[in-house]
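Undergrad: Structure file entry.cif (mmCIF, C-alpha atoms) is given on the next line.
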```cif
data_structure
loop_
_atom_site.group_PDB
_atom_site.id
_atom_site.type_symbol
_atom_site.label_atom_id
_atom_site.label_comp_id
_atom_site.auth_asym_id
_atom_site.auth_seq_id
_atom_site.Cartn_x
_atom_site.Cartn_y
_atom_site.Cartn_z
ATOM 1 C CA MET A 1 4.935 4.151 50.448
ATOM 2 C CA ALA A 2 2.629 1.308 49.473
ATOM 3 C CA SER A 3 2.933 -0.362 46.089
ATOM 4 C CA PHE A 4 0.206 -0.077 43.527
ATOM 5 C CA GLU A 5 -0.702 -1.770 40.285
ATOM 6 C CA LYS A 6 -1.267 -0.113 36.942
ATOM 7 C CA ARG A 7 -4.802 0.115 35.674
ATOM 8 C CA LYS A 8 -5.832 0.687 32.107
ATOM 9 C CA PRO A 9 -8.182 3.652 31.749
ATOM 10 C CA THR A 10 -11.600 2.723 30.385
ATOM 11 C CA GLU A 11 -13.469 4.439 27.572
ATOM 12 C CA GLU A 12 -15.530 7.482 28.492
ATOM 13 C CA THR A 13 -19.278 7.020 28.581
ATOM 14 C CA GLU A 14 -21.576 9.966 28.721
ATOM 15 C CA ILE A 15 -24.218 9.999 31.414
ATOM 16 C CA PRO A 16 -27.577 11.290 30.177
ATOM 17 C CA SER A 17 -28.582 14.576 31.714
ATOM 18 C CA SER A 18 -31.669 12.985 33.249
ATOM 19 C CA GLU A 19 -29.428 10.859 35.466
ATOM 20 C CA SER A 20 -27.324 13.759 36.626
ATOM 21 C CA ILE A 21 -29.744 15.129 39.171
ATOM 22 C CA THR A 22 -31.200 13.374 42.169
ATOM 23 C CA VAL A 23 -34.869 14.006 41.684
ATOM 24 C CA ASN A 24 -37.393 14.652 44.430
ATOM 25 C CA MET A 25 -39.913 12.156 43.094
ATOM 26 C CA GLU A 26 -42.845 14.383 43.930
ATOM 27 C CA LEU A 27 -41.537 16.992 41.488
ATOM 28 C CA ALA A 28 -41.611 17.050 37.723
ATOM 29 C CA LEU A 29 -38.431 18.749 36.525
ATOM 30 C CA THR A 30 -39.037 20.639 33.312
ATOM 31 C CA PRO A 31 -36.238 21.660 30.914
ATOM 32 C CA GLU A 32 -36.467 25.124 32.492
ATOM 33 C CA HIS A 33 -35.830 23.679 35.939
ATOM 34 C CA ARG A 34 -32.874 21.718 34.625
ATOM 35 C CA GLU A 35 -31.440 24.806 32.926
ATOM 36 C CA VAL A 36 -31.575 26.730 36.215
ATOM 37 C CA MET A 37 -29.978 23.839 38.105
ATOM 38 C CA GLU A 38 -27.210 23.325 35.576
ATOM 39 C CA ARG A 39 -26.394 27.049 35.367
ATOM 40 C CA HIS A 40 -25.961 27.227 39.140
ATOM 41 C CA LYS A 41 -24.103 23.946 39.196
ATOM 42 C CA ARG A 42 -21.648 25.414 36.701
ATOM 43 C CA GLY A 43 -21.168 28.403 39.000
ATOM 44 C CA ARG A 44 -20.396 26.044 41.883
ATOM 45 C CA LEU A 45 -17.923 24.141 39.716
ATOM 46 C CA GLU A 46 -16.030 27.367 39.106
ATOM 47 C CA LEU A 47 -16.079 28.068 42.828
ATOM 48 C CA LEU A 48 -14.729 24.581 43.497
ATOM 49 C CA ARG A 49 -11.964 25.088 40.920
ATOM 50 C CA ASP A 50 -10.921 28.358 42.580
ATOM 51 C CA PHE A 51 -11.038 26.770 46.028
ATOM 52 C CA ILE A 52 -8.886 23.791 45.009
ATOM 53 C CA THR A 53 -6.415 26.023 43.160
ATOM 54 C CA SER A 54 -6.129 28.279 46.176
ATOM 55 C CA ARG A 55 -5.484 25.439 48.641
ATOM 56 C CA THR A 56 -3.018 23.684 46.365
ATOM 57 C CA VAL A 57 -1.076 26.843 45.601
ATOM 58 C CA ASP A 58 -1.030 27.772 49.305
ATOM 59 C CA VAL A 59 0.926 24.596 50.011
ATOM 60 C CA ALA A 60 3.296 24.941 47.057
ATOM 61 C CA MET A 61 3.928 28.654 47.537
ATOM 62 C CA ASN A 62 5.233 28.053 51.042
ATOM 63 C CA PHE A 63 8.257 26.630 49.293
ATOM 64 C CA MET A 64 8.314 28.538 46.024
ATOM 65 C CA PRO A 65 7.316 32.105 46.885
ATOM 66 C CA GLY A 66 6.673 34.374 43.943
ATOM 67 C CA ILE A 67 6.572 31.621 41.339
ATOM 68 C CA ASP A 68 3.392 31.420 39.283
ATOM 69 C CA VAL A 69 4.002 27.983 37.791
ATOM 70 C CA PRO A 70 2.012 26.049 40.417
ATOM 71 C CA LYS A 71 -1.018 28.270 39.983
ATOM 72 C CA LEU A 72 -0.892 28.086 36.196
ATOM 73 C CA ALA A 73 -0.401 24.331 36.199
ATOM 74 C CA ILE A 74 -3.242 23.639 38.607
ATOM 75 C CA GLU A 75 -5.579 26.083 36.903
ATOM 76 C CA GLY A 76 -4.779 24.500 33.554
ATOM 77 C CA MET A 77 -5.506 21.042 34.876
ATOM 78 C CA LEU A 78 -8.768 22.005 36.548
ATOM 79 C CA GLY A 79 -9.799 24.286 33.697
ATOM 80 C CA LYS A 80 -9.536 21.397 31.305
ATOM 81 C CA THR A 81 -11.831 19.386 33.535
ATOM 82 C CA LEU A 82 -14.266 22.258 33.668
ATOM 83 C CA SER A 83 -14.375 22.767 29.912
ATOM 84 C CA ASN A 84 -14.639 19.136 28.820
ATOM 85 C CA GLU A 85 -17.883 19.305 26.887
ATOM 86 C CA LYS A 86 -18.288 15.530 26.674
ATOM 87 C CA LEU A 87 -19.106 15.290 30.359
ATOM 88 C CA THR A 88 -22.323 16.195 32.111
ATOM 89 C CA LEU A 89 -22.032 18.794 34.849
ATOM 90 C CA ARG A 90 -22.620 16.102 37.469
ATOM 91 C CA LYS A 91 -19.757 14.068 36.087
ATOM 92 C CA ARG A 92 -17.596 17.171 35.865
ATOM 93 C CA PHE A 93 -18.090 17.776 39.576
ATOM 94 C CA ASP A 94 -16.601 14.370 40.338
ATOM 95 C CA TYR A 95 -13.831 14.934 37.786
ATOM 96 C CA MET A 96 -13.013 18.279 39.355
ATOM 97 C CA LEU A 97 -12.780 16.698 42.790
ATOM 98 C CA ILE A 98 -10.599 13.854 41.539
ATOM 99 C CA SER A 99 -8.343 16.215 39.560
ATOM 100 C CA GLY A 100 -8.079 18.551 42.522
ATOM 101 C CA GLY A 101 -7.460 15.653 44.874
ATOM 102 C CA ILE A 102 -4.631 14.437 42.637
ATOM 103 C CA ALA A 103 -3.045 17.899 42.483
ATOM 104 C CA LEU A 104 -3.365 18.425 46.209
ATOM 105 C CA SER A 105 -2.099 14.919 46.968
ATOM 106 C CA TYR A 106 0.898 15.613 44.757
ATOM 107 C CA VAL A 107 1.987 18.818 46.452
ATOM 108 C CA LEU A 108 1.226 17.488 49.936
ATOM 109 C CA ALA A 109 3.194 14.315 49.269
ATOM 110 C CA VAL A 110 6.155 16.373 48.087
ATOM 111 C CA PHE A 111 6.133 19.193 50.605
ATOM 112 C CA GLY A 112 4.826 17.214 53.549
ATOM 113 C CA THR A 113 7.704 14.731 53.411
ATOM 114 C CA PRO A 114 11.147 15.572 54.889
ATOM 115 C CA ASP A 115 13.096 14.229 51.913
ATOM 116 C CA ALA A 116 11.772 16.254 48.967
ATOM 117 C CA ALA A 117 13.685 14.345 46.290
ATOM 118 C CA LEU A 118 12.390 11.010 47.562
ATOM 119 C CA ALA A 119 8.897 12.415 47.917
ATOM 120 C CA LEU A 120 8.978 13.761 44.379
ATOM 121 C CA ARG A 121 9.579 10.294 42.972
ATOM 122 C CA GLY A 122 6.820 8.880 45.156
ATOM 123 C CA ALA A 123 4.378 11.616 44.222
ATOM 124 C CA ALA A 124 5.047 11.156 40.516
ATOM 125 C CA GLY A 125 4.239 7.477 40.943
ATOM 126 C CA ILE A 126 1.055 8.276 42.795
ATOM 127 C CA VAL A 127 -0.503 10.415 40.098
ATOM 128 C CA ALA A 128 0.693 8.660 36.976
ATOM 129 C CA ASN A 129 1.133 4.927 37.336
ATOM 130 C CA VAL A 130 -0.755 3.640 40.298
ATOM 131 C CA GLU A 131 -4.120 2.570 41.508
ATOM 132 C CA PHE A 132 -4.859 5.918 43.048
ATOM 133 C CA GLY A 133 -7.810 5.337 45.341
ATOM 134 C CA PRO A 134 -9.495 7.408 48.041
ATOM 135 C CA GLU A 135 -7.509 5.541 50.677
ATOM 136 C CA VAL A 136 -4.271 6.908 49.156
ATOM 137 C CA MET A 137 -5.681 10.420 49.458
ATOM 138 C CA ARG A 138 -6.689 9.732 53.044
ATOM 139 C CA ASP A 139 -3.248 8.393 53.873
ATOM 140 C CA ILE A 140 -1.548 11.491 52.465
ATOM 141 C CA ALA A 141 -4.027 13.710 54.328
ATOM 142 C CA HIS A 142 -3.300 11.876 57.569
ATOM 143 C CA ARG A 143 0.469 12.168 57.171
ATOM 144 C CA THR A 144 0.359 15.897 56.462
ATOM 145 C CA LYS A 145 -2.396 17.068 58.788
ATOM 146 C CA GLU A 146 -0.058 18.753 61.263
ATOM 147 C CA LYS A 147 2.024 20.572 58.685
ATOM 148 C CA PHE A 148 -0.841 21.559 56.371
ATOM 149 C CA PRO A 149 -4.070 21.263 58.382
ATOM 150 C CA LYS A 150 -6.380 23.132 55.987
ATOM 151 C CA ALA A 151 -5.248 21.374 52.822
ATOM 152 C CA SER A 152 -5.168 17.962 54.471
ATOM 153 C CA ARG A 153 -8.680 18.447 55.891
ATOM 154 C CA PHE A 154 -10.009 19.174 52.412
ATOM 155 C CA LEU A 155 -8.227 16.113 51.032
ATOM 156 C CA GLU A 156 -9.697 13.973 53.806
ATOM 157 C CA LYS A 157 -13.211 15.182 53.004
ATOM 158 C CA THR A 158 -12.660 14.588 49.302
ATOM 159 C CA ALA A 159 -11.555 11.029 50.093
ATOM 160 C CA SER A 160 -14.692 10.519 52.192
ATOM 161 C CA TYR A 161 -16.878 11.716 49.323
ATOM 162 C CA PHE A 162 -15.536 8.916 47.138
ATOM 163 C CA VAL A 163 -15.518 6.085 49.675
ATOM 164 C CA ASP A 164 -18.831 4.703 48.434
ATOM 165 C CA LYS A 165 -17.837 4.941 44.768
ATOM 166 C CA ARG A 166 -14.287 3.717 44.884
ATOM 167 C CA GLU A 167 -14.399 1.810 41.596
ATOM 168 C CA GLN A 168 -15.614 4.842 39.704
ATOM 169 C CA PHE A 169 -12.930 6.923 41.400
ATOM 170 C CA ILE A 170 -10.140 4.546 40.413
ATOM 171 C CA GLN A 171 -11.280 4.359 36.786
ATOM 172 C CA ASP A 172 -11.569 8.123 36.492
ATOM 173 C CA ALA A 173 -8.334 8.758 38.373
ATOM 174 C CA GLY A 174 -6.486 6.435 35.973
ATOM 175 C CA ARG A 175 -7.709 8.533 33.064
ATOM 176 C CA ILE A 176 -7.235 11.895 34.772
ATOM 177 C CA GLY A 177 -3.843 10.899 36.154
ATOM 178 C CA LYS A 178 -2.313 10.763 32.674
ATOM 179 C CA GLU A 179 -3.553 14.246 31.959
ATOM 180 C CA ALA A 180 -2.548 15.439 35.409
ATOM 181 C CA GLU A 181 0.977 14.195 34.909
ATOM 182 C CA ARG A 182 1.439 16.608 32.008
ATOM 183 C CA TYR A 183 0.393 19.584 34.102
ATOM 184 C CA LEU A 184 2.201 18.516 37.242
ATOM 185 C CA GLU A 185 5.326 18.015 35.154
ATOM 186 C CA GLU A 186 5.447 21.812 34.982
ATOM 187 C CA LEU A 187 5.945 21.890 38.737
ATOM 188 C CA ARG A 188 8.893 19.528 38.755
ATOM 189 C CA PRO A 189 11.687 21.859 37.620
ATOM 190 C CA GLU A 190 10.672 24.236 40.385
ATOM 191 C CA ILE A 191 10.358 21.500 42.978
ATOM 192 C CA THR A 192 13.739 19.953 42.230
ATOM 193 C CA MET A 193 15.351 23.315 42.928
ATOM 194 C CA ILE A 194 14.323 23.142 46.612
ATOM 195 C CA MET B 1 -21.004 31.741 65.063
ATOM 196 C CA SER B 2 -19.556 28.944 62.979
ATOM 197 C CA GLY B 3 -22.279 26.579 64.197
ATOM 198 C CA ALA B 4 -24.982 29.108 63.341
ATOM 199 C CA LYS B 5 -23.552 29.554 59.848
ATOM 200 C CA ASN B 6 -23.444 25.802 59.333
ATOM 201 C CA ASN B 7 -27.031 25.502 60.507
ATOM 202 C CA ASP B 8 -27.997 28.283 58.121
ATOM 203 C CA ILE B 9 -26.338 26.659 55.115
ATOM 204 C CA GLY B 10 -27.921 23.376 56.165
ATOM 205 C CA LYS B 11 -31.376 24.903 55.864
ATOM 206 C CA ILE B 12 -30.572 26.378 52.461
ATOM 207 C CA ILE B 13 -29.338 23.012 51.232
ATOM 208 C CA ASP B 14 -32.379 21.203 52.645
ATOM 209 C CA GLU B 15 -34.598 23.581 50.707
ATOM 210 C CA LEU B 16 -32.709 22.897 47.487
ATOM 211 C CA LEU B 17 -32.991 19.157 48.036
ATOM 212 C CA HIS B 18 -36.723 19.605 48.439
ATOM 213 C CA LEU B 19 -36.681 21.398 45.079
ATOM 214 C CA GLY B 20 -35.032 18.387 43.455
ATOM 215 C CA GLU B 21 -31.308 19.211 43.540
ATOM 216 C CA ASP B 22 -28.438 16.744 43.605
ATOM 217 C CA ALA B 23 -28.054 15.349 47.137
ATOM 218 C CA GLU B 24 -24.493 14.047 46.728
ATOM 219 C CA GLU B 25 -23.052 17.308 45.506
ATOM 220 C CA LEU B 26 -24.859 19.424 48.078
ATOM 221 C CA LYS B 27 -23.827 17.121 50.909
ATOM 222 C CA PHE B 28 -20.219 17.684 49.880
ATOM 223 C CA TRP B 29 -20.655 21.468 49.942
ATOM 224 C CA LYS B 30 -22.275 21.278 53.360
ATOM 225 C CA ASN B 31 -19.366 19.192 54.572
ATOM 226 C CA ILE B 32 -16.656 21.614 53.424
ATOM 227 C CA PHE B 33 -18.560 24.827 54.148
ATOM 228 C CA GLU B 34 -16.657 25.520 57.371
ATOM 229 C CA ASP B 35 -13.348 25.184 55.480
ATOM 230 C CA LEU B 36 -14.231 27.903 52.974
ATOM 231 C CA ALA B 37 -12.949 31.450 53.450
ATOM 232 C CA PRO B 38 -15.679 33.978 54.340
ATOM 233 C CA GLU B 39 -15.815 35.358 50.802
ATOM 234 C CA GLU B 40 -16.029 31.830 49.401
ATOM 235 C CA GLN B 41 -18.860 31.055 51.815
ATOM 236 C CA GLU B 42 -20.711 34.140 50.610
ATOM 237 C CA LYS B 43 -20.264 33.171 46.956
ATOM 238 C CA LEU B 44 -21.611 29.708 47.652
ATOM 239 C CA ARG B 45 -24.517 31.033 49.665
ATOM 240 C CA ALA B 46 -25.403 33.520 46.896
ATOM 241 C CA ASN B 47 -25.284 30.753 44.309
ATOM 242 C CA LEU B 48 -27.542 28.445 46.324
ATOM 243 C CA GLU B 49 -30.013 31.141 47.312
ATOM 244 C CA GLY B 50 -30.165 32.377 43.712
ATOM 245 C CA GLU B 51 -31.018 28.892 42.552
ATOM 246 C CA ILE B 52 -33.760 28.537 45.170
ATOM 247 C CA GLU B 53 -35.279 31.848 44.120
ATOM 248 C CA GLU B 54 -35.306 30.913 40.425
ATOM 249 C CA LEU B 55 -36.682 27.441 41.033
ATOM 250 C CA LYS B 56 -39.448 28.789 43.233
ATOM 251 C CA LYS B 57 -40.414 31.290 40.553
ATOM 252 C CA LEU B 58 -40.711 28.469 38.038
ATOM 253 C CA ARG B 59 -42.955 26.525 40.427
ATOM 254 C CA LYS B 60 -45.320 29.474 40.602
ATOM 255 C CA LEU B 61 -45.658 29.842 36.822
#
```
Turn the structure described in the file into structure tokens.
TA:
Amino acid sequence: MASFEKRKPTEETEIPSSESITVNMELALTPEHREVMERHKRGRLELLRDFITSRTVDVAMNFMPGIDVPKLAIEGMLGKTLSNEKLTLRKRFDYMLISGGIALSYVLAVFGTPDAALALRGAAGIVANVEFGPEVMRDIAHRTKEKFPKASRFLEKTASYFVDKREQFIQDAGRIGKEAERYLEELRPEITMI
Amino acid sequence: MSGAKNNDIGKIIDELLHLGEDAEELKFWKNIFEDLAPEEQEKLRANLEGEIEELKKLRKL
């Protein structure tokens, strides 16, 4: 696995709501329009959370049937992203994708590698201490595409989404990674039993 | 069938973009649409179509 350098998370800055929506310049968006958009955007965020949880748990449950810890851990991690009131909904969408990408990368790195103990150490390093960029996600997706085609395809598409905003991704992932580590820690006792 | 569904969701998303929605987010949904389970696709479609309907109503006020 490649080596990575530590990055210090930066302070959160709130993005004004007016910047959160790509505006068709011919339209004047009233507060009512924005309320409709944000309500539906919130619904899509919940759908995205459920989708990511489902794909991540699918991978983990292949190895830990009947154990609810992965689902609870991932839901907790993504739920925190969803409920963070400091962030605009647009920012939350990116946070959700990064959080989900970290969780999915973690389980794919562990379960997609022949030596689980070695992979566990590598995966822990990926989410907590490294410069976790979209190319890391893409690499994990590539290495696991035969074993977990659905999950790896989603990870690949998530990586593509962030290719043009890599710096933002790395800053956010550094911040989210610390939080993610706490949730993913709950998976470790189960994983080490494999 | 899958191609027709993708084309269909593409039209829905184009309409939302015309109504001023967020291009980056919707492009992502369009990209992963084929990876969603049928029930997830229906939930997404209902969400997007509901938003179009409400936004169009506001335009008519």
Undergrad: Please identify all polymer residues within 9 Å of Met77 (chain A), counting only C-alpha atoms, omitting same-chain residues fewer than 6 positions from it, and present them as a ChimeraX atom specification.
TA: /A:99-100,103,179-180,182-184
Undergrad: Fewer than 2 positions away in the same chain doesn't count, so skip those; otherwise give me all residues within 8 Å of region 31-44 of chain A, counting only C-alpha atoms, as a VMD selection string.
TA: (chain A and resid 29 46 to 48 89) or (chain B and resid 21 44 47 to 48 51 54 to 55 58)
Undergrad: Might you spell out which residues the PyMOL selection byres ((chain B and resi 23-36) around 7) would select in the displayed file, as an mmCIF file with C-alpha atoms, in the coordinates of the input?
TA:
```cif
data_model
loop_
_atom_site.group_PDB
_atom_site.id
_atom_site.type_symbol
_atom_site.label_atom_id
_atom_site.label_comp_id
_atom_site.auth_asym_id
_atom_site.auth_seq_id
_atom_site.Cartn_x
_atom_site.Cartn_y
_atom_site.Cartn_z
ATOM 1 C CA THR A 22 -31.200 13.374 42.169
ATOM 2 C CA TYR A 161 -16.878 11.716 49.323
ATOM 3 C CA ILE B 9 -26.338 26.659 55.115
ATOM 4 C CA GLY B 10 -27.921 23.376 56.165
ATOM 5 C CA ILE B 13 -29.338 23.012 51.232
ATOM 6 C CA LEU B 17 -32.991 19.157 48.036
ATOM 7 C CA GLU B 21 -31.308 19.211 43.540
ATOM 8 C CA ASP B 22 -28.438 16.744 43.605
ATOM 9 C CA ALA B 37 -12.949 31.450 53.450
ATOM 10 C CA PRO B 38 -15.679 33.978 54.340
ATOM 11 C CA GLU B 40 -16.029 31.830 49.401
ATOM 12 C CA GLN B 41 -18.860 31.055 51.815
#
```
Undergrad: Considering all atoms listed in the file, can you say which of A:Met61, A:Leu82, A:Ala73, A:Ala28 comes closest to Leu45 (chain A)?
TA: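 Smallest separation from Leu45 (chain A) among the options: A:Leu82.
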Undergrad: Name the residues that the PyMOL selection byres ((chain A and resi 152) around 10) picks from the file above, as number ranges by chain, using the file's chain letters and numbers.
TA: A: 55, 104-105, 108, 137-151, 153-158
Undergrad: Using the chain letters and numbers from this file, what does the PyMOL selection byres ((chain A and resi 78) around 9) select? Give the answer as a ChimeraX atom specification.
TA: /A:49,52-53,73-77,79-83,95-96,99-100
Undergrad: Those residues you just picked out, can you put them in a file as an mmCIF file, keeping the file's coordinate frame with C-alpha atoms?
TA:
```cif
data_model
loop_
_atom_site.group_PDB
_atom_site.id
_atom_site.type_symbol
_atom_site.label_atom_id
_atom_site.label_comp_id
_atom_site.auth_asym_id
_atom_site.auth_seq_id
_atom_site.Cartn_x
_atom_site.Cartn_y
_atom_site.Cartn_z
ATOM 1 C CA ARG A 49 -11.964 25.088 40.920
ATOM 2 C CA ILE A 52 -8.886 23.791 45.009
ATOM 3 C CA THR A 53 -6.415 26.023 43.160
ATOM 4 C CA ALA A 73 -0.401 24.331 36.199
ATOM 5 C CA ILE A 74 -3.242 23.639 38.607
ATOM 6 C CA GLU A 75 -5.579 26.083 36.903
ATOM 7 C CA GLY A 76 -4.779 24.500 33.554
ATOM 8 C CA MET A 77 -5.506 21.042 34.876
ATOM 9 C CA GLY A 79 -9.799 24.286 33.697
ATOM 10 C CA LYS A 80 -9.536 21.397 31.305
ATOM 11 C CA THR A 81 -11.831 19.386 33.535
ATOM 12 C CA LEU A 82 -14.266 22.258 33.668
ATOM 13 C CA SER A 83 -14.375 22.767 29.912
ATOM 14 C CA TYR A 95 -13.831 14.934 37.786
ATOM 15 C CA MET A 96 -13.013 18.279 39.355
ATOM 16 C CA SER A 99 -8.343 16.215 39.560
ATOM 17 C CA GLY A 100 -8.079 18.551 42.522
#
```
Undergrad: How far is it from CA of Ile170 (chain A) to CA of Gly133 (chain A), in Å with one decimal?
TA: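 The value is 5.5 Å.
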Undergrad: Interatomic distance between CA of Pro134 (chain A) and CA of Lys165 (chain A)?
TA: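 Value for the CA of Pro134 (chain A)-CA of Lys165 (chain A) distance: 9.3 Å.
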Undergrad: Which distance in Å separates CA of Gly112 (chain A) and CA of Gln168 (chain A), to one decimal?
TA: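 These two atoms are separated by 27.6 Å.
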Undergrad: Since the input lacks atoms, please generate all heavy atoms for region 175-184 of chain A and provide them as an mmCIF file, keeping the file's coordinate frame.
TA:
```cif
data_model
loop_
_atom_site.group_PDB
_atom_site.id
_atom_site.type_symbol
_atom_site.label_atom_id
_atom_site.label_comp_id
_atom_site.auth_asym_id
_atom_site.auth_seq_id
_atom_site.Cartn_x
_atom_site.Cartn_y
_atom_site.Cartn_z
ATOM 1 N N ARG A 175 -7.609 7.706 34.274
ATOM 2 C CA ARG A 175 -7.709 8.533 33.064
ATOM 3 C C ARG A 175 -7.178 9.950 33.332
ATOM 4 O O ARG A 175 -6.393 10.498 32.566
ATOM 5 C CB ARG A 175 -9.173 8.588 32.642
ATOM 6 C CG ARG A 175 -9.431 9.109 31.271
ATOM 7 C CD ARG A 175 -10.920 9.071 30.968
ATOM 8 N NE ARG A 175 -11.488 7.755 31.228
ATOM 9 C CZ ARG A 175 -12.495 7.527 32.061
ATOM 10 N NH1 ARG A 175 -13.038 8.510 32.729
ATOM 11 N NH2 ARG A 175 -12.956 6.309 32.244
ATOM 12 N N ILE A 176 -7.615 10.522 34.444
ATOM 13 C CA ILE A 176 -7.235 11.895 34.772
ATOM 14 C C ILE A 176 -5.744 11.961 35.116
ATOM 15 O O ILE A 176 -5.071 12.937 34.819
ATOM 16 C CB ILE A 176 -8.084 12.401 35.960
ATOM 17 C CG1 ILE A 176 -9.555 12.531 35.533
ATOM 18 C CG2 ILE A 176 -7.573 13.753 36.453
ATOM 19 C CD1 ILE A 176 -10.510 12.746 36.690
ATOM 20 N N GLY A 177 -5.238 10.889 35.730
ATOM 21 C CA GLY A 177 -3.843 10.899 36.154
ATOM 22 C C GLY A 177 -2.880 11.135 35.014
ATOM 23 O O GLY A 177 -1.876 11.824 35.160
ATOM 24 N N LYS A 178 -3.187 10.555 33.835
ATOM 25 C CA LYS A 178 -2.313 10.763 32.674
ATOM 26 C C LYS A 178 -2.294 12.237 32.275
ATOM 27 O O LYS A 178 -1.254 12.793 31.941
ATOM 28 C CB LYS A 178 -2.805 9.926 31.486
ATOM 29 C CG LYS A 178 -2.739 8.438 31.722
ATOM 30 C CD LYS A 178 -1.290 7.986 31.866
ATOM 31 C CE LYS A 178 -1.227 6.499 32.129
ATOM 32 N NZ LYS A 178 0.102 6.084 32.604
ATOM 33 N N GLU A 179 -3.461 12.825 32.292
ATOM 34 C CA GLU A 179 -3.553 14.246 31.959
ATOM 35 C C GLU A 179 -2.880 15.093 33.047
ATOM 36 O O GLU A 179 -2.156 16.035 32.766
ATOM 37 C CB GLU A 179 -5.040 14.643 31.835
ATOM 38 C CG GLU A 179 -5.278 16.048 31.344
ATOM 39 C CD GLU A 179 -4.833 16.244 29.904
ATOM 40 O OE1 GLU A 179 -4.936 15.297 29.097
ATOM 41 O OE2 GLU A 179 -4.352 17.346 29.606
ATOM 42 N N ALA A 180 -3.110 14.687 34.277
ATOM 43 C CA ALA A 180 -2.548 15.439 35.409
ATOM 44 C C ALA A 180 -1.027 15.436 35.362
ATOM 45 O O ALA A 180 -0.383 16.440 35.671
ATOM 46 C CB ALA A 180 -3.029 14.827 36.720
ATOM 47 N N GLU A 181 -0.473 14.315 34.938
ATOM 48 C CA GLU A 181 0.977 14.195 34.909
ATOM 49 C C GLU A 181 1.601 15.294 34.046
ATOM 50 O O GLU A 181 2.627 15.863 34.385
ATOM 51 C CB GLU A 181 1.364 12.821 34.364
ATOM 52 C CG GLU A 181 2.844 12.528 34.496
ATOM 53 C CD GLU A 181 3.210 11.177 33.910
ATOM 54 O OE1 GLU A 181 2.457 10.682 33.053
ATOM 55 O OE2 GLU A 181 4.238 10.634 34.297
ATOM 56 N N ARG A 182 0.912 15.588 32.928
ATOM 57 C CA ARG A 182 1.439 16.608 32.008
ATOM 58 C C ARG A 182 1.490 17.974 32.691
ATOM 59 O O ARG A 182 2.465 18.713 32.566
ATOM 60 C CB ARG A 182 0.547 16.658 30.763
ATOM 61 C CG ARG A 182 1.156 17.385 29.588
ATOM 62 C CD ARG A 182 0.355 17.119 28.333
ATOM 63 N NE ARG A 182 -0.984 17.690 28.397
ATOM 64 C CZ ARG A 182 -1.246 18.974 28.152
ATOM 65 N NH1 ARG A 182 -0.265 19.797 27.851
ATOM 66 N NH2 ARG A 182 -2.485 19.421 28.198
ATOM 67 N N TYR A 183 0.433 18.282 33.422
ATOM 68 C CA TYR A 183 0.393 19.584 34.102
ATOM 69 C C TYR A 183 1.357 19.625 35.289
ATOM 70 O O TYR A 183 2.065 20.600 35.514
ATOM 71 C CB TYR A 183 -1.032 19.893 34.561
ATOM 72 C CG TYR A 183 -1.928 20.309 33.428
ATOM 73 C CD1 TYR A 183 -2.761 19.399 32.796
ATOM 74 C CD2 TYR A 183 -1.910 21.623 32.960
ATOM 75 C CE1 TYR A 183 -3.572 19.770 31.739
ATOM 76 C CE2 TYR A 183 -2.712 22.009 31.904
ATOM 77 C CZ TYR A 183 -3.546 21.079 31.295
ATOM 78 O OH TYR A 183 -4.329 21.461 30.242
ATOM 79 N N LEU A 184 1.359 18.526 36.047
ATOM 80 C CA LEU A 184 2.201 18.516 37.242
ATOM 81 C C LEU A 184 3.683 18.480 36.872
ATOM 82 O O LEU A 184 4.534 18.879 37.656
ATOM 83 C CB LEU A 184 1.837 17.312 38.119
ATOM 84 C CG LEU A 184 0.420 17.389 38.707
ATOM 85 C CD1 LEU A 184 0.061 16.088 39.410
ATOM 86 C CD2 LEU A 184 0.283 18.551 39.666
#
```
